[in-house]
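**Q** Got a file for you: entry-v7.csv, CSV, C-alpha atoms.
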```
chain,number,residue,atom,x,y,z
A,116,MET,CA,11.4,1.4,-57.7
A,117,ASP,CA,12.4,5.1,-57.6
A,118,ARG,CA,15.5,4.2,-55.5
A,119,LEU,CA,16.3,1.2,-57.7
A,120,ILE,CA,16.9,3.0,-61.0
A,121,PRO,CA,19.7,5.4,-59.6
A,122,LEU,CA,21.3,2.3,-58.0
A,123,ILE,CA,21.3,0.5,-61.4
A,124,ASN,CA,22.7,3.6,-63.1
A,125,ARG,CA,25.5,3.7,-60.5
A,126,LEU,CA,26.3,0.0,-61.0
A,127,GLN,CA,26.6,0.7,-64.7
A,128,ASP,CA,29.1,3.5,-64.1
A,129,VAL,CA,31.1,1.2,-61.9
A,130,PHE,CA,31.2,-1.9,-64.1
A,131,ASN,CA,31.3,-0.5,-67.6
A,132,PRO,CA,34.8,1.1,-67.4
A,133,ALA,CA,36.2,-2.1,-65.9
A,134,SER,CA,34.7,-4.2,-68.7
A,135,ILE,CA,32.9,-6.4,-66.3
A,136,ASP,CA,29.9,-7.7,-68.0
A,137,GLN,CA,28.8,-10.6,-65.7
A,138,ILE,CA,26.0,-8.5,-64.2
A,139,ASP,CA,23.0,-8.1,-66.6
A,140,LEU,CA,21.4,-4.7,-65.9
A,141,PRO,CA,18.0,-3.8,-67.5
A,142,GLN,CA,18.4,-1.8,-70.7
A,143,ILE,CA,16.4,-1.1,-73.8
A,144,ILE,CA,18.6,-1.8,-76.8
A,145,VAL,CA,17.6,-0.9,-80.4
A,146,VAL,CA,18.8,-3.3,-83.1
A,147,GLY,CA,18.1,-3.2,-86.8
A,148,ALA,CA,19.4,-2.6,-90.3
A,149,GLN,CA,21.6,0.3,-91.1
A,150,SER,CA,19.7,3.5,-91.7
A,151,CYS,CA,16.4,2.1,-90.6
A,152,GLY,CA,15.7,4.8,-87.9
A,153,LYS,CA,17.0,3.3,-84.7
A,154,SER,CA,18.6,6.5,-83.5
A,155,SER,CA,15.4,8.5,-84.4
A,156,VAL,CA,13.4,6.1,-82.3
A,157,LEU,CA,15.7,6.9,-79.3
A,158,GLU,CA,15.5,10.6,-80.0
A,159,ASN,CA,11.7,10.3,-79.9
A,160,ILE,CA,11.8,8.5,-76.6
A,161,VAL,CA,14.1,11.1,-75.1
A,162,GLY,CA,12.2,14.0,-76.7
A,163,ARG,CA,15.4,15.7,-77.9
A,164,ASP,CA,17.3,16.0,-81.1
A,165,PHE,CA,20.9,15.3,-80.2
A,166,LEU,CA,22.2,12.3,-82.2
A,167,PRO,CA,24.4,12.5,-85.3
A,168,ARG,CA,22.7,12.4,-88.7
A,169,GLY,CA,23.9,11.6,-92.2
A,170,ASN,CA,23.9,9.1,-95.0
A,171,GLY,CA,25.3,5.6,-94.8
A,172,ILE,CA,26.5,4.2,-91.5
A,173,VAL,CA,26.4,7.0,-88.8
A,174,THR,CA,26.2,5.1,-85.6
A,175,ARG,CA,29.6,3.3,-85.6
A,176,CYS,CA,30.0,2.8,-81.9
A,177,PRO,CA,27.5,1.6,-79.4
A,178,LEU,CA,26.0,4.5,-77.5
A,179,VAL,CA,24.9,3.8,-73.9
A,180,LEU,CA,22.5,6.6,-72.9
A,181,GLN,CA,21.4,6.9,-69.3
A,182,LEU,CA,18.4,9.2,-68.8
A,183,VAL,CA,18.4,10.5,-65.2
A,184,ASN,CA,15.4,12.4,-63.9
A,185,ILE,CA,16.5,15.3,-61.7
A,186,PRO,CA,14.2,17.5,-59.6
A,187,GLY,CA,13.8,21.1,-60.6
A,188,SER,CA,16.5,23.1,-58.8
A,189,GLY,CA,15.0,26.6,-59.4
A,190,ASP,CA,18.3,27.9,-60.9
A,191,GLY,CA,17.0,27.7,-64.4
A,192,VAL,CA,19.0,24.6,-65.3
A,193,GLU,CA,16.5,21.9,-66.4
A,194,GLU,CA,18.9,19.6,-68.3
A,195,TYR,CA,22.5,18.9,-69.1
A,196,ALA,CA,24.6,16.0,-70.4
A,197,GLU,CA,27.8,14.3,-69.3
A,198,PHE,CA,30.1,11.9,-71.1
A,199,LEU,CA,32.0,9.2,-69.2
A,200,HIS,CA,35.2,9.9,-71.1
A,201,ILE,CA,35.1,13.6,-70.0
A,202,PRO,CA,33.4,13.4,-66.6
A,203,ASP,CA,34.3,17.0,-65.5
A,204,LYS,CA,32.5,18.7,-68.3
A,205,LYS,CA,28.7,19.4,-68.5
A,206,PHE,CA,27.1,20.0,-71.8
A,207,PHE,CA,24.1,22.4,-71.8
A,208,ASP,CA,23.7,22.6,-75.6
A,209,LEU,CA,22.5,19.5,-77.3
A,210,THR,CA,24.3,20.6,-80.5
A,211,GLU,CA,27.5,20.3,-78.6
A,212,VAL,CA,26.5,16.8,-77.4
A,213,ARG,CA,26.1,15.8,-81.1
A,214,LYS,CA,29.5,17.2,-81.9
A,215,GLU,CA,31.1,15.3,-79.0
A,216,ILE,CA,29.5,12.0,-80.1
A,217,GLU,CA,30.9,12.5,-83.6
A,218,LYS,CA,34.3,13.4,-82.2
A,219,GLU,CA,34.4,10.4,-79.9
A,220,THR,CA,33.2,8.1,-82.7
A,221,SER,CA,36.0,9.2,-84.9
A,222,ARG,CA,38.5,8.7,-82.1
A,223,LEU,CA,37.2,5.2,-81.3
A,224,ALA,CA,36.3,3.9,-84.8
A,225,GLY,CA,38.5,6.0,-87.0
A,226,ASP,CA,37.6,8.5,-89.7
A,227,ASN,CA,36.6,5.9,-92.2
A,228,LYS,CA,33.4,3.9,-92.0
A,229,GLY,CA,34.7,1.3,-89.6
A,230,ILE,CA,32.7,0.3,-86.5
A,231,CYS,CA,33.9,-0.3,-83.0
A,232,ARG,CA,32.8,-2.4,-80.0
A,233,SER,CA,33.8,0.2,-77.4
A,234,PRO,CA,30.8,2.1,-76.2
A,235,ILE,CA,30.3,5.8,-75.8
A,236,GLN,CA,28.7,6.5,-72.4
A,237,LEU,CA,26.4,9.5,-72.2
A,238,LYS,CA,24.1,10.6,-69.4
A,239,ILE,CA,21.3,13.2,-69.9
A,240,PHE,CA,20.1,14.7,-66.6
A,241,SER,CA,16.7,16.4,-67.0
A,242,THR,CA,13.5,17.3,-65.3
A,243,LYS,CA,11.7,16.0,-68.4
A,244,VAL,CA,12.9,12.4,-68.7
A,245,LEU,CA,12.2,9.1,-67.0
A,246,ASN,CA,15.0,7.1,-65.4
A,247,LEU,CA,15.9,4.8,-68.2
A,248,THR,CA,18.9,3.3,-70.0
A,249,LEU,CA,18.9,3.1,-73.8
A,250,VAL,CA,21.5,1.5,-76.1
A,251,ASP,CA,21.9,2.5,-79.7
A,252,LEU,CA,23.9,-0.1,-81.7
A,253,PRO,CA,25.5,0.2,-85.1
A,254,GLY,CA,23.1,-1.0,-87.8
A,255,LEU,CA,23.3,-4.5,-89.4
A,256,THR,CA,24.9,-4.3,-92.9
A,257,LYS,CA,24.7,-6.6,-95.9
A,258,VAL,CA,28.3,-6.0,-96.7
A,259,ARG,CA,31.1,-6.3,-94.2
A,260,VAL,CA,32.3,-2.8,-93.2
A,261,ARG,CA,35.4,-3.7,-91.2
A,262,ASN,CA,36.7,-6.4,-89.0
A,263,LEU,CA,35.8,-5.9,-85.3
```
Can I see the file as structure tokens?
**A**
Amino acid sequence: MDRLIPLINRLQDVFNPASIDQIDLPQIIVVGAQSCGKSSVLENIVGRDFLPRGNGIVTRCPLVLQLVNIPGSGDGVEEYAEFLHIPDKKFFDLTEVRKEIEKETSRLAGDNKGICRSPIQLKIFSTKVLNLTLVDLPGLTKVRVRNL
């Protein structure tokens, strides 16, 4: 099983940018009403505070979050994050991760309250997480926000 999770993570990296969705890979997906605490549940699972907060609809793009357990390297780096849309940059400050999620959400979904089907892909590498993929979806609304 320890060798299977990294393989699944790699398959997700390969197939997601190509928009190939014929292969169903195991993921935990949170679904619920707008502002009911879905993102907070994910933060509690991860054990870190890194997702955007606010009133109204905040999660406007799906967020695919891959948690990757890394062995302690002894160099003092215990965790960092990477986004698929900027693969050459490592984020060591979770406040910067939050800002990048907000920035990419605005780019994909616009600055209004529209939602977008295009996912934001984020990986968190840490000595303190289990290998797991989580998906945070925009909340269900009673009033149509915008055409998809």
**Q** Could you check the closest approach to Leu237 (chain A) for each of A:Gly152, A:Pro186, A:Pro177, A:Gly169 and tell me which residue wins, using only C-alpha atoms?
**A**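 Result for the nearest residue to Leu237 (chain A): A:Pro177.
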**Q** Closest to Leu166 (chain A) among A:Ile239, A:Ala224, A:Leu249, A:Ile216, using all atoms listed in the file?
**A**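 Under the stated criterion, the closest residue is A:Ile216.
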**Q** Scan for residues within 9 Å of the point (26.5, 7.3, -88.1) in the coordinates of the file, using only C-alpha atoms, and reply as a list of chain:residue names.
**A** A:Ser150, A:Leu166, A:Pro167, A:Arg168, A:Gly169, A:Asn170, A:Gly171, A:Ile172, A:Val173, A:Thr174, A:Arg175, A:Cys176, A:Glu217, A:Thr220, A:Lys228, A:Pro253, A:Gly254
**Q** What does the distance between CA of Lys153 (chain A) and CA of Ile201 (chain A) come to in Å, to one decimal place?
**A**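 According to the coordinates, CA of Lys153 (chain A) and CA of Ile201 (chain A) are separated by 25.5 Å.
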**Q** So the first atom is CA of Phe206 (chain A) and the second is CA of Phe240 (chain A); what is the distance between them in Å, to one decimal place?
**A**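 Separation between CA of Phe206 (chain A) and CA of Phe240 (chain A): 10.2 Å.
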**Q** Tell me which protein, DNA and RNA residues are within 8 Å of Leu247 (chain A), counting only C-alpha atoms, leaving out same-chain ones fewer than 5 positions away, and put them as a tab-separated table (two decimals) with C-alpha atoms, in the coordinates of the input.
**A**
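Once written, selection-v4.tsv looks like this:
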```tsv
chain	number	residue	atom	x	y	z
A	120	ILE	CA	16.90	3.00	-61.00
A	142	GLN	CA	18.40	-1.80	-70.70
A	181	GLN	CA	21.40	6.90	-69.30
A	182	LEU	CA	18.40	9.20	-68.80
A	183	VAL	CA	18.40	10.50	-65.20
```
**Q** For Ala196 (chain A), which residue out of A:Ser241, A:Ile144, A:Lys214, A:Cys151 is the nearest one, using only C-alpha atoms?
**A**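 When distances to Ala196 (chain A) are compared using only C-alpha atoms, the smallest one comes from A:Ser241.
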**Q** Take CA of Ile160 (chain A) and CA of Thr248 (chain A) and report the distance between them in Å, one decimal.
**A**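 Spanning CA of Ile160 (chain A) to CA of Thr248 (chain A) is a straight-line distance of 11.0 Å.
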**Q** What would region 155-239 of chain A look like if you wrote it out as a CSV table (one decimal), in the first residue's frame, with C-alpha atoms included, from the block I just posted?
**A**
```csv
chain,number,residue,atom,x,y,z
A,155,SER,CA,-12.6,23.7,7.6
A,156,VAL,CA,-13.1,19.9,7.7
A,157,LEU,CA,-10.2,19.5,5.2
A,158,GLU,CA,-8.0,21.9,7.2
A,159,ASN,CA,-8.7,19.7,10.3
A,160,ILE,CA,-7.8,16.6,8.4
A,161,VAL,CA,-4.5,18.2,7.1
A,162,GLY,CA,-3.9,19.8,10.5
A,163,ARG,CA,-2.9,23.2,8.9
A,164,ASP,CA,-4.7,26.5,8.4
A,165,PHE,CA,-4.1,27.3,4.7
A,166,LEU,CA,-7.4,27.7,2.8
A,167,PRO,CA,-9.1,31.1,2.0
A,168,ARG,CA,-11.7,32.4,4.4
A,169,GLY,CA,-14.5,34.9,4.1
A,170,ASN,CA,-18.2,35.4,3.8
A,171,GLY,CA,-20.4,34.1,1.0
A,172,ILE,CA,-19.0,31.8,-1.6
A,173,VAL,CA,-15.2,31.5,-1.0
A,174,THR,CA,-14.4,28.1,-2.7
A,175,ARG,CA,-15.2,28.9,-6.3
A,176,CYS,CA,-13.0,26.4,-8.0
A,177,PRO,CA,-12.5,22.7,-7.1
A,178,LEU,CA,-9.3,22.3,-5.1
A,179,VAL,CA,-7.5,18.9,-5.6
A,180,LEU,CA,-5.2,18.6,-2.6
A,181,GLN,CA,-2.7,15.8,-2.6
A,182,LEU,CA,-1.0,15.1,0.7
A,183,VAL,CA,2.4,13.5,0.3
A,184,ASN,CA,4.3,12.1,3.3
A,185,ILE,CA,8.0,12.7,3.0
A,186,PRO,CA,10.7,11.3,5.3
A,187,GLY,CA,12.5,13.7,7.5
A,188,SER,CA,15.5,15.0,5.6
A,189,GLY,CA,17.5,16.5,8.5
A,190,ASP,CA,17.8,19.9,6.7
A,191,GLY,CA,15.0,21.5,8.8
A,192,VAL,CA,12.5,21.4,5.9
A,193,GLU,CA,9.5,19.5,7.2
A,194,GLU,CA,6.9,20.7,4.8
A,195,TYR,CA,6.3,22.7,1.7
A,196,ALA,CA,3.6,23.1,-1.0
A,197,GLU,CA,3.6,23.1,-4.8
A,198,PHE,CA,0.9,24.1,-7.3
A,199,LEU,CA,0.5,22.3,-10.6
A,200,HIS,CA,0.1,25.7,-12.4
A,201,ILE,CA,3.5,26.9,-11.1
A,202,PRO,CA,5.5,23.7,-10.8
A,203,ASP,CA,9.0,25.2,-10.3
A,204,LYS,CA,8.0,27.2,-7.1
A,205,LYS,CA,7.9,25.7,-3.6
A,206,PHE,CA,5.8,27.4,-0.9
A,207,PHE,CA,7.2,27.1,2.6
A,208,ASP,CA,4.7,29.6,4.2
A,209,LEU,CA,1.1,28.5,4.3
A,210,THR,CA,-0.1,32.1,4.3
A,211,GLU,CA,1.5,32.4,0.8
A,212,VAL,CA,-0.4,29.2,-0.2
A,213,ARG,CA,-3.7,30.8,0.8
A,214,LYS,CA,-2.8,33.9,-1.3
A,215,GLU,CA,-1.9,31.8,-4.3
A,216,ILE,CA,-5.2,29.9,-4.0
A,217,GLU,CA,-7.1,33.2,-4.0
A,218,LYS,CA,-5.0,34.5,-6.9
A,219,GLU,CA,-5.6,31.4,-9.0
A,220,THR,CA,-9.3,31.4,-8.1
A,221,SER,CA,-9.6,35.0,-9.4
A,222,ARG,CA,-7.8,34.0,-12.6
A,223,LEU,CA,-10.0,31.0,-13.3
A,224,ALA,CA,-13.4,32.1,-12.0
A,225,GLY,CA,-13.1,35.9,-12.3
A,226,ASP,CA,-13.2,38.6,-9.6
A,227,ASN,CA,-17.0,38.4,-9.1
A,228,LYS,CA,-18.7,35.5,-7.3
A,229,GLY,CA,-18.7,33.1,-10.3
A,230,ILE,CA,-17.6,29.5,-10.0
A,231,CYS,CA,-15.4,27.5,-12.3
A,232,ARG,CA,-15.1,23.8,-13.2
A,233,SER,CA,-11.3,24.0,-13.7
A,234,PRO,CA,-9.6,22.6,-10.6
A,235,ILE,CA,-6.7,24.1,-8.7
A,236,GLN,CA,-4.1,21.4,-8.1
A,237,LEU,CA,-2.1,21.7,-4.8
A,238,LYS,CA,0.3,19.2,-3.2
A,239,ILE,CA,1.5,19.5,0.3
```
